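Q: Have a peek at query32.cif (mmCIF, C-alpha atoms).
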```cif
data_final
loop_
_atom_site.label_atom_id
_atom_site.label_comp_id
_atom_site.auth_asym_id
_atom_site.auth_seq_id
_atom_site.Cartn_x
_atom_site.Cartn_y
_atom_site.Cartn_z
CA MET A 1 31.38 -111.60 139.95
CA ILE A 2 31.54 -107.85 140.24
CA ALA A 3 34.22 -107.71 137.57
CA LEU A 4 32.12 -109.89 135.26
CA PHE A 5 29.09 -107.68 135.81
CA VAL A 6 31.13 -104.57 135.03
CA VAL A 7 32.41 -106.22 131.85
CA LEU A 8 28.86 -107.10 130.77
CA VAL A 9 27.65 -103.56 131.43
CA ILE A 10 30.55 -102.13 129.43
CA ALA A 11 29.85 -104.58 126.59
CA VAL A 12 26.17 -103.67 126.53
CA LEU A 13 27.00 -99.96 126.51
CA ALA A 14 29.51 -100.50 123.72
CA VAL A 15 26.95 -102.36 121.62
CA MET A 16 24.37 -99.64 122.21
CA LEU A 17 26.84 -96.93 121.24
CA LEU A 18 27.82 -98.91 118.16
CA LEU A 19 24.18 -99.25 117.13
CA GLN A 20 23.72 -95.53 117.56
CA ALA A 21 26.83 -94.82 115.50
CA ILE A 22 25.85 -96.96 112.53
CA ARG A 23 23.21 -95.69 110.10
CA ILE A 24 22.18 -97.12 106.75
CA LEU A 25 20.53 -94.81 104.25
CA ARG A 26 18.67 -96.00 101.17
CA GLU A 27 19.41 -94.75 97.68
CA TYR A 28 16.67 -92.10 97.83
CA GLU A 29 17.59 -90.89 101.36
CA ARG A 30 20.09 -88.36 102.59
CA GLY A 31 21.22 -87.58 106.13
CA VAL A 32 21.67 -84.02 107.39
CA VAL A 33 24.34 -84.29 110.10
CA PHE A 34 24.67 -81.94 113.07
CA THR A 35 27.74 -81.98 115.31
CA LEU A 36 27.08 -80.49 118.73
CA GLY A 37 24.09 -78.75 117.19
CA ARG A 38 25.97 -77.25 114.26
CA TYR A 39 25.36 -78.31 110.66
CA THR A 40 28.36 -80.26 109.35
CA GLY A 41 27.18 -81.73 106.04
CA VAL A 42 24.94 -84.11 104.15
CA LYS A 43 25.76 -87.81 104.00
CA GLY A 44 24.44 -90.83 102.19
CA PRO A 45 23.36 -93.07 100.70
CA GLY A 46 24.86 -96.27 102.16
CA LEU A 47 26.62 -96.89 105.47
CA ILE A 48 27.01 -93.82 107.70
CA LEU A 49 29.09 -93.67 110.86
CA LEU A 50 28.23 -91.09 113.50
CA ILE A 51 29.90 -90.14 116.72
CA PRO A 52 27.39 -91.13 119.42
CA ILE A 53 25.94 -88.30 121.51
CA VAL A 54 28.11 -85.76 119.68
CA GLN A 55 26.47 -86.10 116.28
CA GLN A 56 22.80 -86.36 115.28
CA MET A 57 21.34 -87.04 111.87
CA VAL A 58 17.99 -86.13 110.27
CA LYS A 59 16.89 -88.27 107.33
CA VAL A 60 15.34 -86.61 104.27
CA SER A 61 13.70 -88.41 101.34
CA LEU A 62 14.50 -87.20 97.83
CA ARG A 63 11.56 -88.94 96.18
CA THR A 64 8.80 -86.97 94.48
CA VAL A 65 5.97 -86.14 96.86
CA VAL A 66 2.39 -86.07 95.57
CA LEU A 67 0.53 -83.42 97.56
CA ASP A 68 -3.25 -83.32 97.32
CA VAL A 69 -4.44 -79.74 97.70
CA PRO A 70 -7.92 -79.82 99.29
CA SER A 71 -10.85 -78.03 97.68
CA GLN A 72 -10.52 -74.25 97.96
CA ASP A 73 -13.28 -71.65 97.77
CA VAL A 74 -12.34 -69.22 95.01
CA ILE A 75 -14.17 -66.13 93.75
CA SER A 76 -13.26 -65.52 90.12
CA ARG A 77 -12.66 -62.10 88.60
CA ASP A 78 -16.23 -62.10 87.22
CA ASN A 79 -17.60 -62.75 90.77
CA VAL A 80 -18.41 -66.46 90.38
CA SER A 81 -17.93 -68.66 93.45
CA VAL A 82 -16.28 -72.01 92.64
CA LYS A 83 -14.50 -74.80 94.49
CA VAL A 84 -11.13 -75.78 93.05
CA SER A 85 -8.90 -78.71 93.99
CA ALA A 86 -5.44 -79.53 92.67
CA VAL A 87 -2.44 -81.82 93.06
CA VAL A 88 1.18 -80.67 93.41
CA TYR A 89 4.27 -82.75 92.56
CA PHE A 90 7.49 -81.69 94.27
CA ARG A 91 10.72 -83.10 95.68
CA VAL A 92 13.62 -82.04 97.88
CA ILE A 93 16.75 -81.05 95.99
CA ASP A 94 18.72 -79.48 98.91
CA PRO A 95 18.26 -81.59 102.07
CA ASP A 96 20.16 -79.13 104.26
CA LYS A 97 17.85 -76.22 103.32
CA ALA A 98 14.74 -78.39 103.74
CA ILE A 99 15.73 -79.08 107.36
CA ILE A 100 17.42 -75.82 108.37
CA GLN A 101 15.44 -73.13 106.55
CA VAL A 102 11.90 -74.32 107.36
CA GLN A 103 10.41 -76.20 110.30
CA ASP A 104 8.25 -78.63 108.27
CA PHE A 105 8.69 -78.33 104.51
CA LEU A 106 5.76 -80.67 103.78
CA PHE A 107 3.30 -78.59 105.80
CA ALA A 108 4.77 -75.33 104.54
CA THR A 109 4.49 -76.41 100.90
CA SER A 110 0.92 -77.56 101.47
CA GLN A 111 -0.15 -74.25 102.97
CA LEU A 112 1.64 -72.25 100.31
CA SER A 113 -0.05 -74.33 97.58
CA GLN A 114 -3.50 -73.57 98.98
CA THR A 115 -2.96 -69.83 99.26
CA THR A 116 -1.29 -69.60 95.85
CA LEU A 117 -4.10 -71.54 94.20
CA ARG A 118 -6.70 -69.12 95.59
CA SER A 119 -4.61 -66.09 94.69
CA VAL A 120 -3.88 -67.07 91.09
CA LEU A 121 -7.35 -68.36 90.17
CA GLY A 122 -9.01 -65.31 91.72
CA LYS A 123 -7.37 -63.18 89.01
CA HIS A 124 -9.06 -65.09 86.18
CA GLU A 125 -12.62 -65.40 84.92
CA LEU A 126 -14.63 -68.61 85.04
CA ASP A 127 -14.28 -69.24 81.30
CA GLU A 128 -10.49 -69.09 81.65
CA MET A 129 -10.56 -71.57 84.55
CA LEU A 130 -12.50 -74.03 82.40
CA ALA A 131 -10.70 -73.53 79.08
CA GLU A 132 -7.12 -72.52 79.97
CA ARG A 133 -6.06 -75.00 82.65
CA ASP A 134 -2.61 -75.50 81.17
CA LYS A 135 -1.84 -71.80 81.51
CA LEU A 136 -3.19 -71.70 85.08
CA ASN A 137 -1.18 -74.80 86.02
CA HIS A 138 1.97 -73.14 84.67
CA ASP A 139 1.30 -69.89 86.55
CA VAL A 140 0.70 -71.65 89.88
CA ARG A 141 3.81 -73.82 89.42
CA GLU A 142 6.02 -70.83 88.63
CA ILE A 143 4.88 -68.96 91.75
CA LEU A 144 5.28 -72.00 94.00
CA ASP A 145 8.69 -72.88 92.61
CA SER A 146 10.00 -69.34 93.06
CA GLN A 147 9.04 -69.36 96.75
CA THR A 148 9.96 -72.94 97.72
CA VAL A 149 13.46 -72.79 96.22
CA ALA A 150 14.65 -71.15 99.46
CA TRP A 151 13.49 -74.30 101.29
CA GLY A 152 15.40 -76.63 98.96
CA VAL A 153 12.15 -77.81 97.37
CA LYS A 154 11.58 -78.08 93.62
CA VAL A 155 7.97 -77.97 92.39
CA ALA A 156 7.86 -80.16 89.28
CA ASN A 157 4.22 -79.86 88.26
CA VAL A 158 0.81 -78.56 89.32
CA GLU A 159 -2.45 -79.98 87.99
CA ILE A 160 -5.90 -78.53 88.67
CA LYS A 161 -8.21 -81.51 89.19
CA HIS A 162 -11.73 -80.19 89.65
CA VAL A 163 -13.56 -76.89 89.22
CA ASP A 164 -16.92 -77.36 90.94
CA ILE A 165 -19.71 -74.89 90.17
CA ASN A 166 -23.06 -74.59 91.97
CA GLU A 167 -26.28 -75.68 90.28
CA SER A 168 -27.58 -72.19 89.52
CA MET A 169 -24.38 -71.28 87.70
CA ILE A 170 -24.47 -74.55 85.75
CA ARG A 171 -27.97 -73.69 84.54
CA ALA A 172 -26.84 -70.18 83.60
CA ILE A 173 -23.90 -71.59 81.63
CA ALA A 174 -26.23 -74.04 79.88
CA ARG A 175 -28.54 -71.18 78.87
CA GLN A 176 -25.57 -69.19 77.64
CA ALA A 177 -24.32 -72.13 75.58
CA GLU A 178 -27.80 -72.68 74.12
CA ALA A 179 -28.06 -69.01 73.16
CA GLU A 180 -24.62 -69.16 71.56
CA ARG A 181 -25.61 -72.22 69.51
CA ALA A 182 -28.84 -70.49 68.40
CA ARG A 183 -26.85 -67.41 67.39
CA ARG A 184 -24.47 -69.50 65.33
CA ALA A 185 -27.38 -71.32 63.66
CA ARG A 186 -28.97 -68.03 62.65
CA VAL A 187 -25.68 -66.72 61.30
CA ILE A 188 -25.09 -69.90 59.31
CA ASN A 189 -28.65 -69.79 57.95
CA ALA A 190 -28.23 -66.13 56.93
CA LEU A 191 -24.94 -66.92 55.19
CA GLY A 192 -26.60 -69.78 53.33
CA GLU A 193 -29.45 -67.55 52.19
CA ARG A 194 -26.98 -64.94 51.00
CA GLN A 195 -24.95 -67.48 49.05
CA ALA A 196 -28.13 -68.93 47.52
CA ALA A 197 -29.33 -65.47 46.51
CA ASP A 198 -25.97 -64.67 44.91
CA THR A 199 -26.06 -67.95 42.98
CA LEU A 200 -29.64 -67.39 41.82
CA ALA A 201 -28.82 -63.87 40.67
CA GLU A 202 -25.85 -65.20 38.71
CA ALA A 203 -28.03 -67.93 37.15
CA ALA A 204 -30.72 -65.40 36.24
CA GLY A 205 -28.12 -63.30 34.47
CA VAL A 206 -26.94 -66.28 32.43
CA LEU A 207 -30.53 -67.26 31.50
CA ALA A 208 -31.35 -63.67 30.50
CA LYS A 209 -28.50 -63.68 28.02
CA GLN A 210 -29.65 -66.95 26.42
CA PRO A 211 -33.48 -67.12 26.01
CA GLY A 212 -33.34 -70.72 24.83
CA ALA A 213 -31.66 -71.78 28.05
CA MET A 214 -34.89 -71.18 29.98
CA GLN A 215 -36.77 -73.52 27.67
CA LEU A 216 -34.11 -76.19 28.07
CA ARG A 217 -34.26 -75.80 31.82
CA TYR A 218 -38.03 -76.12 31.63
CA PHE A 219 -37.78 -79.39 29.68
CA SER A 220 -35.21 -80.71 32.14
CA THR A 221 -37.57 -80.02 35.02
CA LEU A 222 -40.40 -81.83 33.22
CA GLN A 223 -38.13 -84.82 32.70
CA ASP A 224 -37.29 -84.95 36.40
CA ILE A 225 -40.97 -84.78 37.29
CA GLY A 226 -41.88 -87.47 34.75
CA VAL A 227 -39.76 -90.10 36.52
CA ASP A 228 -42.66 -90.70 38.90
CA LYS A 229 -45.47 -92.48 36.98
CA ASN A 230 -48.15 -91.20 39.36
CA THR A 231 -47.34 -87.60 38.60
CA THR A 232 -49.68 -85.44 36.55
CA VAL A 233 -47.93 -82.73 34.58
CA VAL A 234 -49.86 -79.61 33.56
CA PHE A 235 -48.35 -77.75 30.60
CA PRO A 236 -48.99 -74.03 30.93
CA LEU A 237 -49.56 -72.12 27.70
CA PRO A 238 -48.02 -68.70 27.40
CA ILE A 239 -50.46 -65.79 27.00
CA GLU A 240 -48.70 -64.75 23.81
CA MET A 241 -49.51 -68.11 22.19
CA ILE A 242 -53.19 -67.86 23.11
CA GLU A 243 -53.41 -64.33 21.72
CA GLY A 244 -51.68 -65.48 18.53
CA LEU A 245 -54.17 -68.31 18.09
CA GLY A 246 -57.06 -65.86 18.63
CA ARG A 247 -55.79 -63.48 16.01
CA HIS A 248 -55.30 -66.36 13.55
CA ALA A 249 -58.87 -67.57 14.15
CA SER A 250 -60.34 -64.08 13.58
CA LYS A 251 -58.54 -63.80 10.28
CA THR A 252 -59.89 -67.07 9.03
#
```
Mind turning this structure into structure tokens?
A:
Amino acid sequence: MIALFVVLVIAVLAVMLLLQAIRILREYERGVVFTLGRYTGVKGPGLILLIPIVQQMVKVSLRTVVLDVPSQDVISRDNVSVKVSAVVYFRVIDPDKAIIQVQDFLFATSQLSQTTLRSVLGKHELDEMLAERDKLNHDVREILDSQTVAWGVKVANVEIKHVDINESMIRAIARQAEAERARRARVINALGERQAADTLAEAAGVLAKQPGAMQLRYFSTLQDIGVDKNTTVVFPLPIEMIEGLGRHASKT
């Protein structure tokens, strides 16, 4: 009985050691292996065999991580307080660095994203935040990528989601936009008046060279007015004609 019990214990221990020695990693996973505490390589994917107790393995996912950067209070270069949120896309490209060089690469990347977002946006004015998001996204990504490469992390993209402005600043921006539209309307109106004046001056020059052209234009205007049957047309007589008729009557 004692021998049978010893055999069962040995069998159970062997099975437990075998289970600890066998690891299966998925296609997107890698295993960072440590032998007696020292880094000995990266294994995977597929079936991995480890020496129980002597070797330990830390699994790392190589899939893209979508990190939501919470809303950050930012003061722009023109002293406007805004709240900005963003999303960061990154993935691990060197599993050994991601485990050895930093304690928690997810937390470290999150904190670095928040501080970088505040630092970069604080160097720009509010109008640039609203109109030049692509440039700001590129700047934030470049800074993040240059610092996370030491952790084996590659930042693929950064997208600014929201730029929230307080109500008083929204009203100020609305007034500014309204004033800008009014300015443009006045400029367009002035340009139209100038073009009309230039055209009228050119037309007056042409009519001055051809006296009969004024009479033709006058008849054309009367024709346009006569289209409406309810219109009464008054024919003005030139002063020269009246004086001529007076002189003719005095002679007779």
Q: Quick one: of A:Gly152, A:Gly192, A:Gly205, A:Gly37, who's nearest to Pro95 in chain A, counting only C-alpha atoms?
A: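 So, comparing all the options, the nearest one is A:Gly152.
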Q: Using the chain letters and numbers from the file, which residues does the PyMOL selection byres ((chain A and resi 160-168) around 9) grab, as a PDB file with C-alpha atoms, in the coordinates of the input?
A:
```pdb
ATOM      1  CA  SER A  71     -10.850 -78.030  97.680  1.00  0.00           C
ATOM      2  CA  VAL A  80     -18.410 -66.460  90.380  1.00  0.00           C
ATOM      3  CA  SER A  81     -17.930 -68.660  93.450  1.00  0.00           C
ATOM      4  CA  VAL A  82     -16.280 -72.010  92.640  1.00  0.00           C
ATOM      5  CA  LYS A  83     -14.500 -74.800  94.490  1.00  0.00           C
ATOM      6  CA  VAL A  84     -11.130 -75.780  93.050  1.00  0.00           C
ATOM      7  CA  SER A  85      -8.900 -78.710  93.990  1.00  0.00           C
ATOM      8  CA  ALA A  86      -5.440 -79.530  92.670  1.00  0.00           C
ATOM      9  CA  VAL A  87      -2.440 -81.820  93.060  1.00  0.00           C
ATOM     10  CA  VAL A  88       1.180 -80.670  93.410  1.00  0.00           C
ATOM     11  CA  MET A 129     -10.560 -71.570  84.550  1.00  0.00           C
ATOM     12  CA  LEU A 130     -12.500 -74.030  82.400  1.00  0.00           C
ATOM     13  CA  ARG A 133      -6.060 -75.000  82.650  1.00  0.00           C
ATOM     14  CA  ASP A 134      -2.610 -75.500  81.170  1.00  0.00           C
ATOM     15  CA  LEU A 136      -3.190 -71.700  85.080  1.00  0.00           C
ATOM     16  CA  ASN A 137      -1.180 -74.800  86.020  1.00  0.00           C
ATOM     17  CA  VAL A 158       0.810 -78.560  89.320  1.00  0.00           C
ATOM     18  CA  GLU A 159      -2.450 -79.980  87.990  1.00  0.00           C
ATOM     19  CA  MET A 169     -24.380 -71.280  87.700  1.00  0.00           C
ATOM     20  CA  ILE A 170     -24.470 -74.550  85.750  1.00  0.00           C
ATOM     21  CA  ARG A 171     -27.970 -73.690  84.540  1.00  0.00           C
ATOM     22  CA  ALA A 172     -26.840 -70.180  83.600  1.00  0.00           C
ATOM     23  CA  ILE A 173     -23.900 -71.590  81.630  1.00  0.00           C
TER      24      ILE A 173
END
```
Q: Do you know which residues are at most 8 Å from Ile22 in chain A counting all atoms listed in the file, after dropping those on the same chain fewer than 3 positions away, and could you put them as a ChimeraX atom specification?
A: /A:18-19,47-50
Q: State, in Å with one decimal place, the distance from CA of Ser119 in chain A to CA of Asp139 in chain A.
A: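 Between CA of Ser119 in chain A and CA of Asp139 in chain A the gap works out to 10.8 Å.
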Q: Write out, as CSV, each residue of range 152-190 of chain A that has an atom at most 12 Å from range 100-109 of chain A, together with the closest pair of atoms and their distance in Å to one decimal, counting all atoms listed in the file, rows going by chain and rising number.
A:
```
residue,atom,partner,partner_atom,distance
A:Gly152,CA,A:Gln101,CA,8.4
A:Val153,CA,A:Phe105,CA,8.0
A:Lys154,CA,A:Thr109,CA,10.3
A:Val155,CA,A:Thr109,CA,9.3
```
Q: Please measure the separation of CA of Arg181 in chain A and CA of Leu200 in chain A, giving the value in Å to one decimal.
A: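 One can read the CA of Arg181 in chain A to CA of Leu200 in chain A distance as 28.4 Å.
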Q: If we count all atoms listed in the file, what is near Ala21 in chain A at a cut-off of 10 Å, once residues fewer than 4 positions away on the same chain are taken out, given as a ChimeraX atom specification?
A: /A:15-17,48-53,55-56
Q: I need the residue nearest Gly122 in chain A from this list: A:Val6, A:Val149, A:Val74, A:Ala174. Use all atoms listed in the file for the distance.
A: A:Val74
Q: I'd like the interatomic distance between CA of Gln72 in chain A and CA of Glu125 in chain A, to a tenth of an Å.
A: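 That distance, rounded to one decimal, is 15.9 Å.
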Q: Would you pick out the contacts of Tyr28 in chain A at 10 Å or less, using all atoms listed in the file, so that residues sharing its chain but fewer than 4 positions from it are not included, and give the list as a ChimeraX atom specification?
A: /A:44-45,60-64
Q: Calculated over only C-alpha atoms, which of the candidates A:Val140, A:Val66, A:Val12, A:Ala204 has the smallest distance to Leu121 in chain A?
A: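 Residue with the minimum atom-to-atom distance to Leu121 in chain A: A:Val140.
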Q: Considering only C-alpha atoms, can you say which of A:Ser113, A:Asp224, A:Leu8, A:Ile75 comes closest to Asn157 in chain A?
A: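 Looking at the shortest contact to Asn157 in chain A, the residue is A:Ser113.
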Q: Need to verify the contact set: Leu36 in chain A, 8 Å, only C-alpha atoms, exclusion of same-chain residues closer than 2 positions in sequence. Can you return it as number ranges by chain?
A: A: 34, 38, 54-55
Q: Which one of A:His138, A:His124, A:Lys43, A:Arg26 sits closest to Val58 in chain A if you count all atoms listed in the file?
A: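 Comparing A:His138, A:His124, A:Lys43, A:Arg26 against Val58 in chain A, the winner is A:Lys43.
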Q: Which is closest to Gln147 in chain A among A:Ile188, A:Leu112, A:Ala3, A:Leu25, if we use all atoms listed in the file?
A: A:Leu112
